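*Asks:* The following block contains the structure, expressed as structure tokens.
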Amino acid sequence: MNKNKACYSLLAAATALAFSLPAAAEIVLYDKDGTTFSTDGYFNAFYVSSDVDRAGEQFDRKQSRVKMGFLPNYIGFNFGKQVDDLKLGGRSSFWVTINDSEQNGTGTAIDVRQFYATASNDQWGEVLFGKDFGLFARSNILLDELLAGYGQVSDTLGLVDGGGVSFGNIGSGYPYPFPTSQITYRSPNMGGLRIAAGIMDPVDTNDSSATGKAYQENPRFETEITYQFDLAGAQIYSWINGMQQNSENTDRSVEDVTSKGLGYGVQAKMGGLTLTASGFQAEGINPFFTNNLTEPTLREVDSDGYLLQGSYRFGKNRVALSYGKTKDDGNGLGSAADYETRGVAYFRDINDNLKLVAELNQFEIDGKNNPALDEDTRTFAVGAVLAF
């Protein structure tokens, strides 16, 4: 895949990126006769100033924007009904961008990321069926200390001028676990241990422009195991997750593609201090997107990455430091490259629902054998986040 095609796809994908952040408090609209209906929402906006340094003088510039952060704005609805010893539930969430008016006028799209139902019981666990985020790399991104912040806005990836979100640490620490149709089982809490396993709609691995077709005899399998425990006064949360898919191609040039990935991490909380370390390894998977969004013709491609973070909370204040890196052997932009993100952020809680955020971020691409990909973009972002 050439560079221009990659940038175009990534720019289009920017409007579809983010992850579910637990709301500060849901608003219960109905609670009667064992049936509940509630809503939650997330709103944010940032003033952003980026200083772009890329190969080619035409790209070097300073750009100011008013944008949403890593998470877009959304509103969610939750349903629940107790029937004997069975708890039935459901969730739908609708996500929008606030900074696409320059290109689209009033044509803002609504992105449905979650639309699923659940059936659960304290003894045997829960079954989820519908559309939700994947399991591979799920905890890696969900426990990102900068989730409510801004993150990286690579100009090479089309994010400085794009109409969607920033990328947070996507592509420089973990891939994004795209929402997908699935049937997933989660075990009950077994002394801090929980196991999740699901079958997902498989990913197409055949070039859409080719005459051949790809077919998957089996669905994509994803799983995650988490374990939470106390150790020497610290609260420890650990996880391991993964995915696997086999795809047969009728394109005679390539007979089959095996895609697999492994994610892992640990988070320790001691008083106001939180330390988090996570990583991933992947083969036949795009280093940015677990659904291979920008490259359907994946072959023997490999990527790996890690994210190191620390934060400290004192009163209503929290300061976070972050460093992430992904090494890609040639899939993400059609050429081998390393992607690095460094960030420092300050969060100030005004109350349980409203917080202010200030962040400094540096994103770098080392193009290895292709210096045209080299980039150093520094971004300052300050904004507000409201969650209910």
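The way I read the labels, and the way they are meant: chains A, B, ... in the order of the structure tokens, residue 1 as the first residue of every chain, and ligand 1 as the first ligand shown, with later ones counted on from there.
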What's around segment 231-243 of chain A at 6 Å? Count only C-alpha atoms, leave out sequence neighbours fewer than 3 positions away in its own chain, and write the answer as a ChimeraX atom specification.
*Replies:* /A:136,221-228,260-270
*Asks:* Which of segment 69-135 of chain A end up as alpha helix (DSSP H) when DSSP is run on this backbone - answer as number ranges by chain?
*Replies:* A: 101-104
*Asks:* Could you write out that same residue set with C-alpha atoms as a compact mmCIF listing (two decimals), in the first residue's frame?
*Replies:*
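Result file is out-v5.txt:
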# COMPACT_ATOMS: atom_id res chain seq x y z
CA SER A 101 -17.81 21.57 10.37
CA GLU A 102 -14.96 22.99 8.30
CA GLN A 103 -15.35 20.15 5.80
CA ASN A 104 -18.95 19.03 6.31
*Asks:* So that I can check the surroundings of Thr377 of chain A, please list as JSON, numbers by chain every protein, DNA and RNA residue that reaches within 6 Å of it, counting only C-alpha atoms and ignoring chain neighbours fewer than 3 positions away.
*Replies:* {"A": [51, 52, 53, 362, 363]}
*Asks:* Keeping only N, CA, C and O atoms, take the residues you just selected and write them out as a PDB file, in the first residue's frame.
*Replies:*
ATOM      1  N   ASP A  51       2.903  22.207  16.384  1.00  0.00           N
ATOM      2  CA  ASP A  51       4.079  22.655  15.648  1.00  0.00           C
ATOM      3  C   ASP A  51       4.615  21.465  14.873  1.00  0.00           C
ATOM      4  O   ASP A  51       5.149  20.519  15.458  1.00  0.00           O
ATOM      5  N   VAL A  52       4.450  21.488  13.545  1.00  0.00           N
ATOM      6  CA  VAL A  52       4.762  20.341  12.697  1.00  0.00           C
ATOM      7  C   VAL A  52       6.128  20.509  12.053  1.00  0.00           C
ATOM      8  O   VAL A  52       6.418  21.543  11.442  1.00  0.00           O
ATOM      9  N   ASP A  53       6.985  19.481  12.169  1.00  0.00           N
ATOM     10  CA  ASP A  53       8.294  19.443  11.518  1.00  0.00           C
ATOM     11  C   ASP A  53       8.383  18.117  10.767  1.00  0.00           C
ATOM     12  O   ASP A  53       8.524  17.056  11.365  1.00  0.00           O
ATOM     13  N   GLN A 362       4.471  15.117  22.341  1.00  0.00           N
ATOM     14  CA  GLN A 362       5.418  15.068  21.227  1.00  0.00           C
ATOM     15  C   GLN A 362       5.283  13.725  20.526  1.00  0.00           C
ATOM     16  O   GLN A 362       5.352  12.663  21.160  1.00  0.00           O
ATOM     17  N   PHE A 363       5.077  13.759  19.210  1.00  0.00           N
ATOM     18  CA  PHE A 363       4.958  12.541  18.412  1.00  0.00           C
ATOM     19  C   PHE A 363       6.052  12.525  17.360  1.00  0.00           C
ATOM     20  O   PHE A 363       6.277  13.524  16.664  1.00  0.00           O
TER      21      PHE A 363
END
*Asks:* Figure out the distance between atom CA of Ser172 of chain A and atom CA of Ser247 of chain A, please, to one decimal in Å.
*Replies:*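 If I compute the distance from atom CA of Ser247 of chain A to atom CA of Ser172 of chain A, I get 27.0 Å.
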*Asks:* Of the candidates A:Asn317, A:Ser50, A:Ser303, A:Gln82, which one gets nearest to Val357 of chain A if we count only C-alpha atoms?
*Replies:*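 Using only C-alpha atoms, Val357 of chain A sits closest to A:Asn317.
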*Asks:* If DSSP is run on the backbone, what residues of segment 112-299 of chain A are strand (DSSP E or B)? A reply as a PyMOL selection string would be ideal.
*Replies:* chain A and resi 112-121+125-133+151+168+170+174+176+179-186+190+193-200+214-215+220-231+234-249+256-270+273-283+289
*Asks:* Residues at most 6 Å from Tyr116 of chain A, counting only C-alpha atoms, excluding those fewer than 4 positions away in the same chain, as a ChimeraX atom specification?
*Replies:* /A:90-91,129-131
*Asks:* Each residue of segment 49-111 of chain A lying at most 7 Å from segment 148-171 of chain A should get a row with its shortest atom-to-atom pair and the distance in Å to one decimal, counting only C-alpha atoms; could you produce that, ordered by chain and increasing number, as a Markdown table?
*Replies:*
| residue | atom | partner | partner_atom | distance |
| --- | --- | --- | --- | --- |
| A:Met68 | CA | A:Val165 | CA | 6.1 |
| A:Gly69 | CA | A:Tyr150 | CA | 4.5 |
| A:Phe70 | CA | A:Ser166 | CA | 4.9 |
| A:Leu71 | CA | A:Ala148 | CA | 6.7 |
| A:Pro72 | CA | A:Val165 | CA | 6.3 |
| A:Thr97 | CA | A:Gly164 | CA | 6.0 |
| A:Asn99 | CA | A:Gly163 | CA | 5.4 |
| A:Asp100 | CA | A:Gly163 | CA | 4.3 |
*Asks:* Pick out the residues sitting within 12 Å of Arg54 of chain A, and hand them over as a PDB file with N, CA, C and O atoms, in the first residue's frame; count only C-alpha atoms, and ignore anything fewer than 5 positions along from it in its own chain.
*Replies:*
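Output below, filename around_31.pdb:
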ATOM      1  N   PHE A  59       5.377  21.063   4.474  1.00  0.00           N
ATOM      2  CA  PHE A  59       4.628  20.517   5.595  1.00  0.00           C
ATOM      3  C   PHE A  59       4.911  21.254   6.909  1.00  0.00           C
ATOM      4  O   PHE A  59       4.142  21.153   7.857  1.00  0.00           O
ATOM      5  N   ASP A  60       6.031  21.954   7.000  1.00  0.00           N
ATOM      6  CA  ASP A  60       6.412  22.611   8.245  1.00  0.00           C
ATOM      7  C   ASP A  60       5.485  23.801   8.504  1.00  0.00           C
ATOM      8  O   ASP A  60       5.379  24.704   7.678  1.00  0.00           O
ATOM      9  N   ARG A  61       4.843  23.810   9.649  1.00  0.00           N
ATOM     10  CA  ARG A  61       3.911  24.894   9.957  1.00  0.00           C
ATOM     11  C   ARG A  61       3.464  24.792  11.410  1.00  0.00           C
ATOM     12  O   ARG A  61       3.694  23.794  12.081  1.00  0.00           O
ATOM     13  N   LYS A  62       2.784  25.833  11.868  1.00  0.00           N
ATOM     14  CA  LYS A  62       2.100  25.833  13.154  1.00  0.00           C
ATOM     15  C   LYS A  62       0.608  25.930  12.885  1.00  0.00           C
ATOM     16  O   LYS A  62       0.172  26.744  12.073  1.00  0.00           O
ATOM     17  N   SER A 154      -0.419  13.031  14.673  1.00  0.00           N
ATOM     18  CA  SER A 154       0.537  12.961  13.580  1.00  0.00           C
ATOM     19  C   SER A 154      -0.002  13.643  12.334  1.00  0.00           C
ATOM     20  O   SER A 154      -1.117  13.367  11.886  1.00  0.00           O
ATOM     21  N   ASP A 155       0.814  14.516  11.744  1.00  0.00           N
ATOM     22  CA  ASP A 155       0.424  15.156  10.495  1.00  0.00           C
ATOM     23  C   ASP A 155       0.532  14.172   9.330  1.00  0.00           C
ATOM     24  O   ASP A 155      -0.271  14.207   8.401  1.00  0.00           O
ATOM     25  N   THR A 156       1.497  13.268   9.382  1.00  0.00           N
ATOM     26  CA  THR A 156       1.633  12.244   8.352  1.00  0.00           C
ATOM     27  C   THR A 156       0.391  11.373   8.281  1.00  0.00           C
ATOM     28  O   THR A 156      -0.023  10.932   7.201  1.00  0.00           O
ATOM     29  N   LEU A 157      -0.227  11.132   9.432  1.00  0.00           N
ATOM     30  CA  LEU A 157      -1.442  10.328   9.485  1.00  0.00           C
ATOM     31  C   LEU A 157      -2.707  11.156   9.245  1.00  0.00           C
ATOM     32  O   LEU A 157      -3.813  10.635   9.348  1.00  0.00           O
ATOM     33  N   PHE A 363       5.077  13.759  19.210  1.00  0.00           N
ATOM     34  CA  PHE A 363       4.958  12.541  18.412  1.00  0.00           C
ATOM     35  C   PHE A 363       6.052  12.525  17.360  1.00  0.00           C
ATOM     36  O   PHE A 363       6.277  13.524  16.664  1.00  0.00           O
ATOM     37  N   GLU A 364       6.738  11.376  17.222  1.00  0.00           N
ATOM     38  CA  GLU A 364       7.831  11.251  16.271  1.00  0.00           C
ATOM     39  C   GLU A 364       7.663   9.994  15.418  1.00  0.00           C
ATOM     40  O   GLU A 364       7.238   8.947  15.922  1.00  0.00           O
ATOM     41  N   ILE A 365       7.995  10.113  14.137  1.00  0.00           N
ATOM     42  CA  ILE A 365       8.100   8.960  13.244  1.00  0.00           C
ATOM     43  C   ILE A 365       9.530   8.893  12.739  1.00  0.00           C
ATOM     44  O   ILE A 365      10.077   9.884  12.248  1.00  0.00           O
ATOM     45  N   ASP A 366      10.142   7.709  12.885  1.00  0.00           N
ATOM     46  CA  ASP A 366      11.444   7.435  12.297  1.00  0.00           C
ATOM     47  C   ASP A 366      11.204   6.519  11.102  1.00  0.00           C
ATOM     48  O   ASP A 366      10.841   5.348  11.262  1.00  0.00           O
ATOM     49  N   GLY A 367      11.351   7.058   9.900  1.00  0.00           N
ATOM     50  CA  GLY A 367      11.016   6.328   8.695  1.00  0.00           C
ATOM     51  C   GLY A 367      11.997   5.254   8.288  1.00  0.00           C
ATOM     52  O   GLY A 367      11.831   4.668   7.211  1.00  0.00           O
ATOM     53  N   PRO A 371      13.108   8.195   4.638  1.00  0.00           N
ATOM     54  CA  PRO A 371      13.146   9.452   5.407  1.00  0.00           C
ATOM     55  C   PRO A 371      11.993  10.393   5.103  1.00  0.00           C
ATOM     56  O   PRO A 371      11.757  11.340   5.847  1.00  0.00           O
ATOM     57  N   ALA A 372      11.260  10.147   4.014  1.00  0.00           N
ATOM     58  CA  ALA A 372      10.103  10.995   3.711  1.00  0.00           C
ATOM     59  C   ALA A 372       9.016  10.856   4.764  1.00  0.00           C
ATOM     60  O   ALA A 372       8.122  11.705   4.851  1.00  0.00           O
ATOM     61  N   LEU A 373       9.075   9.813   5.573  1.00  0.00           N
ATOM     62  CA  LEU A 373       8.088   9.615   6.636  1.00  0.00           C
ATOM     63  C   LEU A 373       8.479  10.299   7.935  1.00  0.00           C
ATOM     64  O   LEU A 373       7.660  10.380   8.858  1.00  0.00           O
ATOM     65  N   ASP A 374       9.717  10.777   8.042  1.00  0.00           N
ATOM     66  CA  ASP A 374      10.193  11.359   9.295  1.00  0.00           C
ATOM     67  C   ASP A 374       9.305  12.534   9.718  1.00  0.00           C
ATOM     68  O   ASP A 374       8.915  13.370   8.901  1.00  0.00           O
ATOM     69  N   GLU A 375       9.000  12.573  11.007  1.00  0.00           N
ATOM     70  CA  GLU A 375       8.126  13.632  11.528  1.00  0.00           C
ATOM     71  C   GLU A 375       8.419  13.884  13.001  1.00  0.00           C
ATOM     72  O   GLU A 375       8.759  12.959  13.749  1.00  0.00           O
ATOM     73  N   ASP A 376       8.278  15.137  13.409  1.00  0.00           N
ATOM     74  CA  ASP A 376       8.348  15.538  14.813  1.00  0.00           C
ATOM     75  C   ASP A 376       7.283  16.607  15.026  1.00  0.00           C
ATOM     76  O   ASP A 376       7.450  17.745  14.598  1.00  0.00           O
ATOM     77  N   THR A 377       6.170  16.238  15.649  1.00  0.00           N
ATOM     78  CA  THR A 377       5.067  17.172  15.886  1.00  0.00           C
ATOM     79  C   THR A 377       4.866  17.355  17.384  1.00  0.00           C
ATOM     80  O   THR A 377       4.682  16.382  18.123  1.00  0.00           O
ATOM     81  N   ARG A 378       4.897  18.607  17.820  1.00  0.00           N
ATOM     82  CA  ARG A 378       4.705  18.950  19.235  1.00  0.00           C
ATOM     83  C   ARG A 378       3.375  19.679  19.373  1.00  0.00           C
ATOM     84  O   ARG A 378       3.079  20.589  18.602  1.00  0.00           O
TER      85      ARG A 378
END
